[in-house]
Each structure stands twice: as C-alpha cells, then as structure tokens.
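Enquirer: Coordinates in upload.txt, compact mmCIF, C-alpha atoms (C1' of nucleotides), are listed below.
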```txt
# COMPACT_ATOMS: atom_id res chain seq x y z
CA MET A 28 -110.15 -55.37 152.76
CA LEU A 29 -113.32 -57.34 152.09
CA LYS A 30 -112.93 -61.15 152.09
CA ILE A 31 -115.60 -63.16 150.27
CA ALA A 32 -115.57 -66.97 150.13
CA THR A 33 -117.52 -69.82 148.58
CA TRP A 34 -117.74 -73.35 149.97
CA ASN A 35 -119.81 -76.41 149.11
CA VAL A 36 -120.06 -77.95 152.58
CA ASN A 37 -121.92 -81.18 151.61
CA SER A 38 -124.46 -80.95 154.49
CA ILE A 39 -124.42 -77.97 156.85
CA LYS A 40 -125.31 -80.18 159.80
CA ALA A 41 -122.55 -82.73 159.17
CA ARG A 42 -120.05 -79.91 158.57
CA LEU A 43 -120.97 -77.45 161.32
CA VAL A 44 -117.79 -77.90 163.37
CA ASN A 45 -115.57 -77.77 160.26
CA LEU A 46 -117.41 -74.61 159.19
CA THR A 47 -117.21 -72.77 162.49
CA ASP A 48 -113.53 -73.74 162.94
CA TRP A 49 -112.76 -72.37 159.48
CA LEU A 50 -114.83 -69.20 160.03
CA LYS A 51 -112.82 -68.48 163.20
CA GLU A 52 -109.44 -68.87 161.52
CA ALA A 53 -110.20 -67.45 158.04
CA THR A 54 -112.49 -64.65 159.28
CA PRO A 55 -114.26 -64.06 155.95
CA ASP A 56 -116.70 -61.13 155.75
CA VAL A 57 -119.08 -62.96 153.42
CA VAL A 58 -119.47 -66.69 152.74
CA CYS A 59 -121.55 -68.33 150.02
CA LEU A 60 -122.49 -71.88 151.03
CA GLN A 61 -123.85 -74.71 148.88
CA GLU A 62 -125.33 -78.18 149.48
CA LEU A 63 -126.86 -77.42 152.86
CA LYS A 64 -129.10 -80.50 152.51
CA CYS A 65 -131.69 -79.09 154.91
CA VAL A 66 -134.71 -76.86 155.06
CA GLU A 67 -134.34 -73.32 156.39
CA GLU A 68 -136.06 -74.27 159.68
CA ALA A 69 -133.32 -76.84 160.35
CA PHE A 70 -130.39 -74.51 159.56
CA PRO A 71 -128.04 -74.08 162.57
CA PHE A 72 -128.47 -70.31 162.78
CA GLY A 73 -127.31 -69.92 166.38
CA ALA A 74 -123.80 -71.33 166.09
CA ILE A 75 -123.05 -69.13 163.07
CA GLU A 76 -124.80 -65.99 164.31
CA ASP A 77 -122.67 -66.29 167.45
CA LEU A 78 -119.62 -65.64 165.22
CA GLY A 79 -121.10 -62.35 164.05
CA TYR A 80 -122.84 -63.33 160.82
CA ASN A 81 -126.17 -62.37 159.35
CA ILE A 82 -127.65 -65.28 157.41
CA ALA A 83 -129.92 -65.73 154.40
CA VAL A 84 -130.99 -69.27 153.50
CA ASN A 85 -132.70 -70.90 150.53
CA GLY A 86 -133.17 -74.43 151.86
CA GLN A 87 -134.63 -77.72 150.70
CA LYS A 88 -135.12 -81.12 152.32
CA THR A 89 -132.31 -83.65 151.63
CA TYR A 90 -130.88 -82.02 148.50
CA ASN A 91 -129.26 -78.76 147.37
CA GLY A 92 -129.75 -75.68 149.56
CA VAL A 93 -127.69 -72.47 149.50
CA ALA A 94 -126.96 -69.66 151.94
CA ILE A 95 -125.11 -66.40 152.36
CA LEU A 96 -123.36 -65.53 155.63
CA SER A 97 -122.36 -61.89 156.04
CA LYS A 98 -120.90 -59.61 158.67
CA TYR A 99 -122.75 -56.83 156.81
CA ARG A 100 -126.54 -56.55 156.75
CA LEU A 101 -128.13 -58.53 153.92
CA ASP A 102 -130.66 -56.56 151.85
CA ASP A 103 -132.95 -57.29 148.90
CA ILE A 104 -132.65 -61.07 149.22
CA VAL A 105 -133.67 -63.08 146.14
CA LYS A 106 -134.32 -66.81 146.61
CA GLY A 107 -134.30 -69.01 143.52
CA LEU A 108 -132.85 -68.39 140.08
CA PRO A 109 -135.29 -66.28 138.01
CA GLY A 110 -136.58 -67.60 134.71
CA ASP A 111 -138.58 -70.74 135.59
CA ASP A 112 -141.26 -70.67 138.30
CA SER A 113 -141.62 -74.45 138.06
CA ASP A 114 -138.00 -75.04 139.20
CA GLU A 115 -138.23 -76.20 142.83
CA GLN A 116 -134.53 -76.93 143.38
CA ALA A 117 -132.87 -74.59 145.92
CA ARG A 118 -129.73 -73.68 144.00
CA TYR A 119 -129.60 -69.87 144.08
CA ILE A 120 -129.73 -67.03 146.57
CA GLU A 121 -128.71 -63.43 146.05
CA ALA A 122 -128.39 -60.42 148.34
CA GLN A 123 -126.94 -56.93 148.55
CA ILE A 124 -124.55 -55.57 151.14
CA THR A 125 -123.30 -52.03 151.65
CA VAL A 126 -119.60 -51.56 152.42
CA ASN A 127 -118.18 -48.06 152.85
CA GLU A 128 -121.30 -46.65 151.17
CA ARG A 129 -120.73 -48.89 148.14
CA LEU A 130 -123.42 -51.37 147.12
CA LEU A 131 -122.29 -54.92 146.30
CA ARG A 132 -124.45 -57.74 144.98
CA ILE A 133 -123.47 -61.30 145.88
CA ALA A 134 -125.01 -64.61 144.82
CA SER A 135 -124.47 -68.15 146.11
CA ILE A 136 -124.81 -70.61 143.23
CA TYR A 137 -125.11 -74.40 143.11
CA LEU A 138 -125.14 -75.20 139.41
CA PRO A 139 -126.55 -78.65 138.54
CA ASN A 140 -124.08 -81.50 138.05
CA GLY A 141 -125.75 -82.78 134.89
CA ASN A 142 -124.55 -86.39 134.79
CA PRO A 143 -125.36 -88.66 133.09
CA VAL A 144 -125.28 -86.56 129.93
CA ASP A 145 -127.85 -88.63 128.02
CA THR A 146 -130.59 -87.86 130.55
CA ASP A 147 -132.86 -84.97 131.45
CA LYS A 148 -130.36 -84.08 134.18
CA TYR A 149 -128.02 -82.73 131.53
CA ALA A 150 -130.82 -80.84 129.78
CA TYR A 151 -131.67 -79.32 133.16
CA LYS A 152 -128.04 -78.27 133.62
CA LEU A 153 -127.89 -76.56 130.23
CA GLY A 154 -131.23 -74.85 130.78
CA TRP A 155 -130.11 -73.67 134.22
CA MET A 156 -126.94 -72.24 132.69
CA ASP A 157 -129.04 -70.35 130.11
CA ARG A 158 -131.15 -68.89 132.93
CA LEU A 159 -128.02 -67.95 134.89
CA THR A 160 -126.59 -66.20 131.82
CA ALA A 161 -129.83 -64.29 131.25
CA HIS A 162 -129.97 -63.22 134.90
CA ALA A 163 -126.29 -62.24 134.98
CA ARG A 164 -126.82 -60.17 131.81
CA GLU A 165 -129.49 -58.19 133.65
CA LEU A 166 -127.44 -57.79 136.85
CA LEU A 167 -124.44 -56.55 134.86
CA THR A 168 -126.49 -53.66 133.48
CA TYR A 169 -126.46 -52.17 137.00
CA GLU A 170 -122.68 -51.64 136.61
CA GLU A 171 -122.07 -52.49 140.28
CA PRO A 172 -119.56 -54.78 141.95
CA LEU A 173 -121.18 -58.20 141.42
CA ILE A 174 -119.83 -61.49 142.77
CA LEU A 175 -121.41 -64.71 141.47
CA ALA A 176 -119.82 -67.34 143.69
CA GLY A 177 -120.43 -71.03 144.04
CA ASP A 178 -120.11 -74.61 142.92
CA TYR A 179 -120.45 -74.24 139.15
CA ASN A 180 -119.90 -77.93 138.40
CA VAL A 181 -117.86 -76.72 135.42
CA ILE A 182 -114.15 -77.42 134.85
CA PRO A 183 -113.12 -74.35 132.83
CA THR A 184 -110.00 -75.73 131.08
CA ALA A 185 -107.73 -78.78 130.87
CA ALA A 186 -105.41 -77.01 133.33
CA ASP A 187 -108.14 -77.37 135.97
CA VAL A 188 -108.35 -81.18 136.03
CA HIS A 189 -105.79 -83.90 136.81
CA ASP A 190 -106.77 -86.14 133.88
CA PRO A 191 -108.57 -84.23 131.10
CA ALA A 192 -108.99 -87.31 128.89
CA ALA A 193 -110.88 -89.15 131.61
CA TRP A 194 -113.33 -86.24 131.88
CA ALA A 195 -113.72 -85.57 128.14
CA ASP A 196 -117.41 -86.52 127.94
CA ASP A 197 -118.34 -85.77 131.53
CA ALA A 198 -121.07 -83.19 132.15
CA LEU A 199 -118.55 -81.04 134.05
CA PHE A 200 -116.03 -80.78 131.22
CA ARG A 201 -117.47 -81.77 127.82
CA GLU A 202 -117.36 -79.22 125.00
CA GLU A 203 -121.07 -78.41 125.17
CA THR A 204 -120.77 -77.51 128.86
CA ARG A 205 -117.70 -75.37 128.35
CA ALA A 206 -119.29 -73.61 125.38
CA LYS A 207 -122.28 -72.76 127.57
CA PHE A 208 -119.94 -71.57 130.32
CA HIS A 209 -118.19 -69.33 127.79
CA GLU A 210 -121.55 -67.75 126.86
CA PHE A 211 -121.77 -66.83 130.55
CA THR A 212 -118.19 -65.60 131.04
CA ASN A 213 -118.25 -63.73 127.74
CA LEU A 214 -120.77 -61.34 129.29
CA GLY A 215 -117.67 -59.84 130.86
CA LEU A 216 -117.19 -61.91 134.00
CA THR A 217 -113.73 -62.57 135.44
CA ASP A 218 -112.73 -65.90 137.00
CA ALA A 219 -111.05 -64.48 140.11
CA PHE A 220 -108.74 -67.46 140.60
CA ARG A 221 -107.44 -67.31 137.02
CA ALA A 222 -106.98 -63.56 137.27
CA CYS A 223 -104.62 -64.14 140.20
CA HIS A 224 -102.94 -67.46 139.27
CA THR A 225 -101.42 -68.91 136.11
CA GLU A 226 -100.37 -72.28 137.49
CA SER A 227 -102.16 -75.49 136.49
CA HIS A 228 -103.63 -78.19 138.71
CA ARG A 229 -105.00 -76.13 141.56
CA TYR A 230 -108.19 -77.83 142.67
CA SER A 231 -111.25 -77.13 144.82
CA PHE A 232 -112.77 -80.64 144.85
CA TRP A 233 -111.38 -84.12 145.47
CA ASP A 234 -113.64 -87.19 145.41
CA TYR A 235 -114.02 -89.13 148.64
CA GLN A 236 -113.23 -92.32 146.75
CA ALA A 237 -110.18 -94.04 145.30
CA GLY A 238 -107.68 -91.97 147.30
CA ALA A 239 -108.36 -88.92 145.14
CA TRP A 240 -107.18 -86.54 147.86
CA GLN A 241 -104.01 -88.49 148.64
CA LYS A 242 -103.15 -88.63 144.91
CA ASP A 243 -104.20 -85.01 144.30
CA ASN A 244 -106.67 -86.17 141.68
CA GLY A 245 -108.88 -83.11 141.84
CA ILE A 246 -110.85 -80.64 139.76
CA ARG A 247 -111.40 -76.89 140.03
CA ILE A 248 -115.15 -76.29 139.89
CA ASP A 249 -115.80 -73.73 142.65
CA HIS A 250 -115.51 -70.24 141.23
CA LEU A 251 -115.95 -66.57 142.13
CA MET A 252 -117.02 -64.77 138.96
CA LEU A 253 -116.68 -60.99 139.06
CA SER A 254 -118.24 -58.08 137.20
CA PRO A 255 -115.75 -55.49 135.89
CA GLN A 256 -116.62 -53.22 138.83
CA ALA A 257 -115.70 -56.03 141.24
CA ALA A 258 -112.63 -57.20 139.29
CA ASP A 259 -111.25 -53.64 139.45
CA HIS A 260 -110.88 -54.13 143.21
CA LEU A 261 -109.53 -57.70 143.20
CA LYS A 262 -106.42 -57.99 145.36
CA GLY A 263 -106.12 -61.74 145.84
CA CYS A 264 -107.75 -65.14 145.49
CA ASP A 265 -106.84 -68.49 146.99
CA ILE A 266 -108.02 -71.98 147.82
CA ASP A 267 -107.92 -73.28 151.40
CA ARG A 268 -106.93 -76.81 150.38
CA MET A 269 -105.76 -77.78 153.89
CA VAL A 270 -109.40 -78.00 154.94
CA ARG A 271 -109.72 -81.16 152.79
CA GLY A 272 -107.23 -82.99 155.04
CA ARG A 273 -109.18 -82.46 158.27
CA GLU A 274 -111.50 -84.78 160.17
CA LYS A 275 -114.86 -85.36 158.46
CA PRO A 276 -114.14 -83.01 155.53
CA SER A 277 -116.44 -81.88 152.74
CA ASP A 278 -115.25 -83.06 149.33
CA HIS A 279 -114.99 -79.36 148.39
CA VAL A 280 -112.81 -76.71 150.07
CA PRO A 281 -113.30 -72.94 150.51
CA VAL A 282 -112.20 -70.58 147.74
CA TRP A 283 -111.93 -66.89 148.58
CA ILE A 284 -111.13 -63.43 147.25
CA GLU A 285 -110.07 -60.16 148.78
CA LEU A 286 -111.39 -56.87 147.42
CA ASP A 287 -109.96 -53.47 148.40
CA ILE A 288 -113.37 -51.98 149.01
C1' DA B 22 -114.47 -97.94 139.33
C1' DT B 23 -121.57 -93.85 136.17
C1' DG B 24 -120.04 -94.99 143.01
C1' DC B 25 -114.42 -97.54 145.72
C1' DC B 26 -116.87 -92.77 150.08
C1' DG B 27 -120.09 -90.03 152.46
C1' DG B 28 -124.65 -87.84 153.59
C1' DG B 29 -129.89 -88.01 153.97
C1' DC B 30 -133.57 -90.64 155.28
C1' DG B 31 -134.89 -93.52 158.69
C1' DA B 32 -134.00 -97.64 160.70
C1' DA B 33 -132.22 -101.46 155.68
C1' DG B 34 -130.99 -100.27 151.82
C1' DC B 35 -131.62 -96.97 148.24
C1' DC B 36 -130.92 -92.20 146.13
C1' DC B 37 -127.65 -88.87 145.16
C1' DG B 38 -123.19 -86.48 144.38
C1' DA B 39 -118.95 -85.32 140.45
```
Since I need it in another form, could you write the structure as structure tokens?
Expert:
Amino acid sequence: MLKIATWNVNSIKARLVNLTDWLKEATPDVVCLQELKCVEEAFPFGAIEDLGYNIAVNGQKTYNGVAILSKYRLDDIVKGLPGDDSDEQARYIEAQITVNERLLRIASIYLPNGNPVDTDKYAYKLGWMDRLTAHARELLTYEEPLILAGDYNVIPTAADVHDPAAWADDALFREETRAKFHEFTNLGLTDAFRACHTESHRYSFWDYQAGAWQKDNGIRIDHLMLSPQAADHLKGCDIDRMVRGREKPSDHVPVWIELDI
DNA sequence: ATGCCGGGCGAAGCCCGA
C-alpha cells in the first residue's frame, strides 16, 4: 500500500518537531508540503532525510514554498507552475516516482488565497487556476496515475464549511471560484476524500483565532485530486485532525490517501 | 472580528494568511 499525504505546515522551521513526530507515527511514503516560508538553502533537510525521505524543494523567502518528501527516488522534478515565466511565487513542484515498476506523477500545490476579491490578488488566483487546469489537461494525456495534492484554498461545497453563508463572497467559496474549480475537476479528476466519505463537516483547516478549533469552525480546503488511473487504486482517504490539537500546531492538518499500488 | 492568532523579518511594528 502506498500512502501519500498533503500538509500545509505554515513554516517548515516552526513546525519541524510537529512534522517529524507525525512522519514517525503516520509513516507516509510521500508527503506534499506547502507554506514552507523559507528558501531551499534554509530547508531542514537533515532531520527529514534521517527518517528515510528524499526531498525536492521549491522555496522562497518569507512566503509560500512547497516540497515533496518521498521514500522513493524523485525523478523529473518540475519547479514552478508552467504557463507564466513572470510568476515568481513558489507554489508548485512536481516529480515522478516509480513504485513496483509503475510510474506515478505527484505535485505539491499551494493555490493562491485570493482575498480580498476586489483586488489583483483574486485575479491572480483565477489566472493561477486557469494555468493549473491547462497543465493538468496536459498531464492527464499521459494516462498515468497522477496525484495533484495540496492546499487548494477552495471549499468545494457547502458541506465542506461550518457556516456557508458567512463564506458566500469569500475568495475560497464564492461562485466564481467554485466554477473555476469545476473547470479543473471536470477534466476527470477525483476528490479522494469525497470518493471515500459522504459525511458533511469534515475539515482540514481551523483558524487560529476566535476559538475556531474548539468550536469546530473549520473548512475543507486541502485536497488530493486523482487522475482516473490513480483513482482506480484508491483504497482510503482520511484527515489527521488530532494534529490540530497538539502543541504549536499548523492551522492545517495532514490529509492522506492509500493506493494499492 | 478583511485579523481575535501565529509566523517572518528583525529587533518595533508591519505584512500576510483564510
């Protein structure tokens, strides 16, 4: 069984102990990380390599930053989302692994937040989503197991938020965002969590403020999106919500899948 | 409550996140 996870750690340096503790207990084979908030040279390679992981990093000072940790060798690494050479934000990294002679392609994605919606931040989000859709369309033509995992900053449905009305015009939930997300999923991508669970109000993020965690006021925005060739092997998906209750937590928790590959 | 907490930067207070 191949276990693949995604986790927005909100600073790799501030979260290193939480991360290594969770790696030891969850023993994922591959982990897509987001919001490293450091350049590649400052990434704590040693502590993670000591747990048996190969590491690919697309870093940036202060903001963003994504990585892939893998117990399998990482090949053909792509840093940055194709489609705009002027985009300097480190929000995408992609690599291939080979498991039992089968090639898998995995990407770690940190999709822009987009708030406030009346600014260029929202235009950047929508443009980034168009580029992601275009790139996913190309990757899907390879007809391989493809896992696009990360912090999408998109609440897919009203079942994925504690108070839909309060989020109605937010960049994470408004109609225009969800329509753009549907353009992406309609390529033929499966939301692994929804494929495995029908229940509402299962979240991957709780704000640090206003007792959001204690009141379970969360949102589900961290997703593993699967090509048909990956979805065919999906055996389970879950959210490690207990991580949110630990000392010095990220505001996001790990989400993971198991594939019978 | 478009910033209540938390992190980066850098050494106080601002920028940013969702």
Enquirer: Contacts between chain B and chain A, please, where a residue of chain A counts if it comes within 8 Å (with only C-alpha atoms (C1' of nucleotides)); show its shortest atom pair and distance in Å to one decimal, rows by chain and ascending number, as a tab-separated table.
Expert:
```
residue	atom	partner	partner_atom	distance
A:Asn37	CA	B:DG28	C1'	7.5
A:Ser38	CA	B:DG28	C1'	7.0
A:Ala41	CA	B:DG28	C1'	7.9
A:Lys64	CA	B:DG29	C1'	7.7
A:Thr89	CA	B:DG29	C1'	5.5
A:Asn140	CA	B:DA39	C1'	6.8
A:Pro143	CA	B:DT23	C1'	7.1
A:Asn180	CA	B:DA39	C1'	7.7
A:Leu199	CA	B:DA39	C1'	7.7
A:Asp234	CA	B:DA39	C1'	7.5
A:Tyr235	CA	B:DC26	C1'	4.8
A:Gln236	CA	B:DC26	C1'	5.0
A:Ala237	CA	B:DC25	C1'	5.5
```
Enquirer: Could you save those same residues with C-alpha atoms as a compact mmCIF listing (two decimals), keeping the file's coordinate frame?
Expert:
```
# COMPACT_ATOMS: atom_id res chain seq x y z
CA ASN A 37 -121.92 -81.18 151.61
CA SER A 38 -124.46 -80.95 154.49
CA ALA A 41 -122.55 -82.73 159.17
CA LYS A 64 -129.10 -80.50 152.51
CA THR A 89 -132.31 -83.65 151.63
CA ASN A 140 -124.08 -81.50 138.05
CA PRO A 143 -125.36 -88.66 133.09
CA ASN A 180 -119.90 -77.93 138.40
CA LEU A 199 -118.55 -81.04 134.05
CA ASP A 234 -113.64 -87.19 145.41
CA TYR A 235 -114.02 -89.13 148.64
CA GLN A 236 -113.23 -92.32 146.75
CA ALA A 237 -110.18 -94.04 145.30
```
Enquirer: Report the centre and edge lengths, in Å to one decimal, of an axis-aligned box enclosing every atom of stretch 36-55 of chain A listed in the file, padded by 3 Å on each side, as lines of an AutoDock Vina configuration file.
Expert:
```
center_x = -117.4
center_y = -73.4
center_z = 157.5
size_x = 21.9
size_y = 24.7
size_z = 17.8
```
Enquirer: How many Å lie between atom CA of A:Ile133 and atom CA of A:Tyr149, rounded to one decimal?
Expert: 26.2 Å
Enquirer: I'd like the contact shell of stretch 209-224 of chain A - 6 Å cut-off, all atoms listed in the file, skipping same-chain residues fewer than 3 positions apart - returned as a PyMOL selection string.
Expert: chain A and resi 160+206+251-254+264
Enquirer: Counting all atoms listed in the file, figure out which residue out of A:Asp267, A:Glu203, A:Asp197, A:Asp147 gets nearest to A:Ser231.
Expert: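 Using all atoms listed in the file, the shortest distance to A:Ser231 belongs to A:Asp267.
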Enquirer: Counting only C-alpha atoms (C1' of nucleotides), I want the residues whose atoms come within 12 Å of (-127.6, -79.5, 130.1) in the file frame, returned as a PyMOL selection string.
Expert: chain A and resi 138-158+180-181+197-208
Enquirer: Once you have the residues from the selection above, write them out as a short mmCIF file (atom, residue, chain, number, x, y, z; two decimals), keeping the file's coordinate frame, restricted to C-alpha atoms.
Expert:
```
data_model
loop_
_atom_site.label_atom_id
_atom_site.label_comp_id
_atom_site.auth_asym_id
_atom_site.auth_seq_id
_atom_site.Cartn_x
_atom_site.Cartn_y
_atom_site.Cartn_z
CA LEU A 138 -125.14 -75.20 139.41
CA PRO A 139 -126.55 -78.65 138.54
CA ASN A 140 -124.08 -81.50 138.05
CA GLY A 141 -125.75 -82.78 134.89
CA ASN A 142 -124.55 -86.39 134.79
CA PRO A 143 -125.36 -88.66 133.09
CA VAL A 144 -125.28 -86.56 129.93
CA ASP A 145 -127.85 -88.63 128.02
CA THR A 146 -130.59 -87.86 130.55
CA ASP A 147 -132.86 -84.97 131.45
CA LYS A 148 -130.36 -84.08 134.18
CA TYR A 149 -128.02 -82.73 131.53
CA ALA A 150 -130.82 -80.84 129.78
CA TYR A 151 -131.67 -79.32 133.16
CA LYS A 152 -128.04 -78.27 133.62
CA LEU A 153 -127.89 -76.56 130.23
CA GLY A 154 -131.23 -74.85 130.78
CA TRP A 155 -130.11 -73.67 134.22
CA MET A 156 -126.94 -72.24 132.69
CA ASP A 157 -129.04 -70.35 130.11
CA ARG A 158 -131.15 -68.89 132.93
CA ASN A 180 -119.90 -77.93 138.40
CA VAL A 181 -117.86 -76.72 135.42
CA ASP A 197 -118.34 -85.77 131.53
CA ALA A 198 -121.07 -83.19 132.15
CA LEU A 199 -118.55 -81.04 134.05
CA PHE A 200 -116.03 -80.78 131.22
CA ARG A 201 -117.47 -81.77 127.82
CA GLU A 202 -117.36 -79.22 125.00
CA GLU A 203 -121.07 -78.41 125.17
CA THR A 204 -120.77 -77.51 128.86
CA ARG A 205 -117.70 -75.37 128.35
CA ALA A 206 -119.29 -73.61 125.38
CA LYS A 207 -122.28 -72.76 127.57
CA PHE A 208 -119.94 -71.57 130.32
#
```
